[in-house]
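The next block holds one structure in the form of structure tokens; read it before the comments.
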Amino acid sequence: MAPHPVIQAIIDFSAGAAGGTACVLSGQPFDTAKVKMQTFPTVYRGFIHCFISTFRQVGLRGLYKGTTPALIANIAENAVLFLSYGLCQDAVRFMSRMDKGADLSDLQKASAGSLASIFSSMAICPTELVKCRLQAMHEMEASGKVARGQKSTVWTVVKTVLKTDGPLGFYQGLTSTFVRELPGYFCFFGAYEWCRSTFARHMGTSRDGIGILPLMFSGGFAGGCLWLVVYPIDCIKSRIQVYSLAGTQEGFIKTFMGVIRTEGFTALYSGLTPTMVRTFPANGALFLAYEFSRKLMMDAAGA
């Protein structure tokens, strides 16, 4: 028997939060390298150079810079995302005139994931702005874009945003977040469900019974598909959020055209290597934590 809708919403929210925590803890150093290479592509020769340089200059803590807002961002994003994903699946069933609880196709689930990303974007934009600024603070100081010697903590970044731009300053980069998330999560959930269905068909079992490794591979494959599609958009978002620290930053279209004109198209893919290295363990851990915690809570609720 399906649990009460409120209980179901709490389960989806909690499982998403568990998945977001696992995602950050398993992939934060790679995310730091990604943001540094996106915002300062000429400073580093590649992923390994960025990794080693950061370690030499700031130590191991430099690779985990922004972990607190990253945890808050991912817990908030994935909790809202998976809560909305469940609700948006019901919306897709309603629009398709299907019975409540009827199985959706992989394409319909991908559409539900894309719809859900609208709500998660509102949750992640403020915390991701703080995270990106913390991660790129060393390079902003070294390039002279901001004064040296500033104390960079979550609280100081939050105070700076509130002082210079007000509460709406946390939503710098929201347009590019929407542009990134809508197609990204269509690919993300579509690839995840398709991969699980393929494993289940070849193994002769249900999608819930494919086991840990196929489940983690499906999550990693989904993350890889997402980033290959949206990476240039994410690069523009990171630049808007980081460069706005030094003053007013151009919007999405002007920033995009400026990068193409001055640095070339390849600059939009700077930092792709650490992203793709990160995506399998991070998204594998995300879906493993989500599916298993959700199953435990559904069993406890008697569903």
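Every chain in the structure tokens has a letter given in the order shown (A, B, ...), and although residue numbers restart at 1 in each chain, ligands are simply numbered from 1 in the order shown.
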
Please, which residues in stretch 153-205 of chain A fall within 7 Å of stretch 108-120 of chain A when counting only C-alpha atoms, and what is the closest atom pair and distance in Å to one decimal for each, ordered by chain then residue number, as JSON lines?
```
{"residue": "A:Phe178", "atom": "CA", "partner": "A:Ile118", "partner_atom": "CA", "distance": 6.7}
{"residue": "A:Glu181", "atom": "CA", "partner": "A:Ser117", "partner_atom": "CA", "distance": 5.7}
{"residue": "A:Leu182", "atom": "CA", "partner": "A:Ser114", "partner_atom": "CA", "distance": 4.9}
{"residue": "A:Pro183", "atom": "CA", "partner": "A:Ser114", "partner_atom": "CA", "distance": 6.5}
{"residue": "A:Tyr185", "atom": "CA", "partner": "A:Ser114", "partner_atom": "CA", "distance": 5.0}
{"residue": "A:Phe186", "atom": "CA", "partner": "A:Ser114", "partner_atom": "CA", "distance": 4.6}
{"residue": "A:Cys187", "atom": "CA", "partner": "A:Ala110", "partner_atom": "CA", "distance": 6.7}
{"residue": "A:Phe189", "atom": "CA", "partner": "A:Ala110", "partner_atom": "CA", "distance": 4.9}
{"residue": "A:Gly190", "atom": "CA", "partner": "A:Ala110", "partner_atom": "CA", "distance": 4.2}
```

For those residues, write N, CA and C atoms to a file as a PDB file, in the first residue's frame.
```
ATOM      1  N   PHE A 178      18.916  28.031 -14.492  1.00  0.00           N
ATOM      2  CA  PHE A 178      17.727  27.476 -15.155  1.00  0.00           C
ATOM      3  C   PHE A 178      18.088  26.847 -16.501  1.00  0.00           C
ATOM      4  N   GLU A 181      19.901  23.558 -15.756  1.00  0.00           N
ATOM      5  CA  GLU A 181      19.193  22.487 -15.069  1.00  0.00           C
ATOM      6  C   GLU A 181      18.102  21.824 -15.915  1.00  0.00           C
ATOM      7  N   LEU A 182      17.346  22.615 -16.672  1.00  0.00           N
ATOM      8  CA  LEU A 182      16.205  22.050 -17.410  1.00  0.00           C
ATOM      9  C   LEU A 182      16.622  20.947 -18.392  1.00  0.00           C
ATOM     10  N   PRO A 183      17.565  21.212 -19.323  1.00  0.00           N
ATOM     11  CA  PRO A 183      17.999  20.110 -20.197  1.00  0.00           C
ATOM     12  C   PRO A 183      18.876  19.105 -19.452  1.00  0.00           C
ATOM     13  N   TYR A 185      18.790  17.966 -16.292  1.00  0.00           N
ATOM     14  CA  TYR A 185      18.093  16.936 -15.517  1.00  0.00           C
ATOM     15  C   TYR A 185      17.158  16.089 -16.357  1.00  0.00           C
ATOM     16  N   PHE A 186      16.796  16.569 -17.536  1.00  0.00           N
ATOM     17  CA  PHE A 186      16.103  15.691 -18.491  1.00  0.00           C
ATOM     18  C   PHE A 186      17.046  14.544 -18.873  1.00  0.00           C
ATOM     19  N   CYS A 187      18.292  14.912 -19.196  1.00  0.00           N
ATOM     20  CA  CYS A 187      19.295  13.894 -19.543  1.00  0.00           C
ATOM     21  C   CYS A 187      19.665  13.040 -18.335  1.00  0.00           C
ATOM     22  N   PHE A 189      17.948  12.221 -15.405  1.00  0.00           N
ATOM     23  CA  PHE A 189      16.967  11.211 -15.008  1.00  0.00           C
ATOM     24  C   PHE A 189      16.655  10.248 -16.152  1.00  0.00           C
ATOM     25  N   GLY A 190      16.668  10.755 -17.386  1.00  0.00           N
ATOM     26  CA  GLY A 190      16.438   9.882 -18.529  1.00  0.00           C
ATOM     27  C   GLY A 190      17.517   8.819 -18.647  1.00  0.00           C
TER      28      GLY A 190
END
```

| query | Hey, what's within 8 Å of stretch 72-87 of chain A if we count only C-alpha atoms and toss same-chain stuff fewer than 5 positions away? As a list in words, please? | reply | Ala9, Ile10, Asp12, Phe13, Ser14, Ala15, Gly16, Ala17, Ala18, Gly19, Gly20, Thr21, Cys23, Val24, Ala112, Gly113, Leu115, Ala116, Ser117, Phe119, Ser120, Ser121, Ala123, Ile124, Cys125, Thr127 and Glu128 of chain A

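The residue that comes closest to A:Gln28, out of A:Ile7, A:Ile233, A:Leu268, A:Leu63 and on the basis of only C-alpha atoms, is A:Leu63.
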
| Residue neighbourhood A:Leu213, 10 Å, only C-alpha atoms, exclusion window fewer than 5 positions, as a list in words | Ser218, Gly219, Gly284 and Leu288 of chain A

| said: Given only C-alpha atoms as the basis, pick out the residue of A:Pro41, A:Thr279, A:Lys36, A:Ser270 nearest to A:Thr54. | reply: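 The closest residue to A:Thr54 is A:Lys36.
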
| Looking at A:Arg239, A:Lys34, A:Lys295, A:Arg278, which one is nearest to A:Gln8, with distances taken over only C-alpha atoms? | A:Lys295

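With only C-alpha atoms as the atoms that count, the minimum distance from A:Val277 to the choices A:Leu134, A:Gly59, A:Gly224, A:Lys100 is reached by A:Gly224.
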
| field | Atom-to-atom span, atom CA of A:Phe221 and atom CA of A:Phe55, Å | value |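 Straight-line distance from atom CA of A:Phe221 to atom CA of A:Phe55 works out to 29.0 Å.
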
| request: One decimal, Å: what's the distance from atom CA of A:Ile240 over to atom CA of A:Thr275, could you say? | output: 18.9 Å

| message | With only C-alpha atoms as the counted atoms, please give the residues lying no more than 9 Å from stretch 243-260 of chain A, apart from itself and same-chain residues fewer than 6 positions off, as a VMD selection string. | response | chain A and resid 39 133 140 145 to 146 160 to 161 164 172 to 173 175 to 176 232 to 233 236 to 237 266 to 268

| request: Please identify all polymer residues within 12 Å of A:Gly62, counting only C-alpha atoms, omitting same-chain residues fewer than 6 positions from it, and present them as an MDAnalysis selection string. | output: chainID A and resid 28:33 36 50:56 134:139 152

| Interatomic distance between atom CA of A:Val229 and atom CA of A:Val35? |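 We find that atom CA of A:Val229 and atom CA of A:Val35 lie 17.2 Å from each other.
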
| stretch 19-263 of chain A: residues DSSP assigns to helix (DSSP H, G or I), reported as number ranges by chain | A: 19-39, 47-58, 60-63, 67-95, 106-142, 154-165, 167-171, 174-203, 207-209, 212-246, 252-263

| message | Which residues are close to A:Asp234, i.e. within 8 Å by only C-alpha atoms, leaving aside same-chain residues fewer than 3 positions away? Reply as a PyMOL selection string. | response | chain A and resi 176-177+180+230-231+237-238
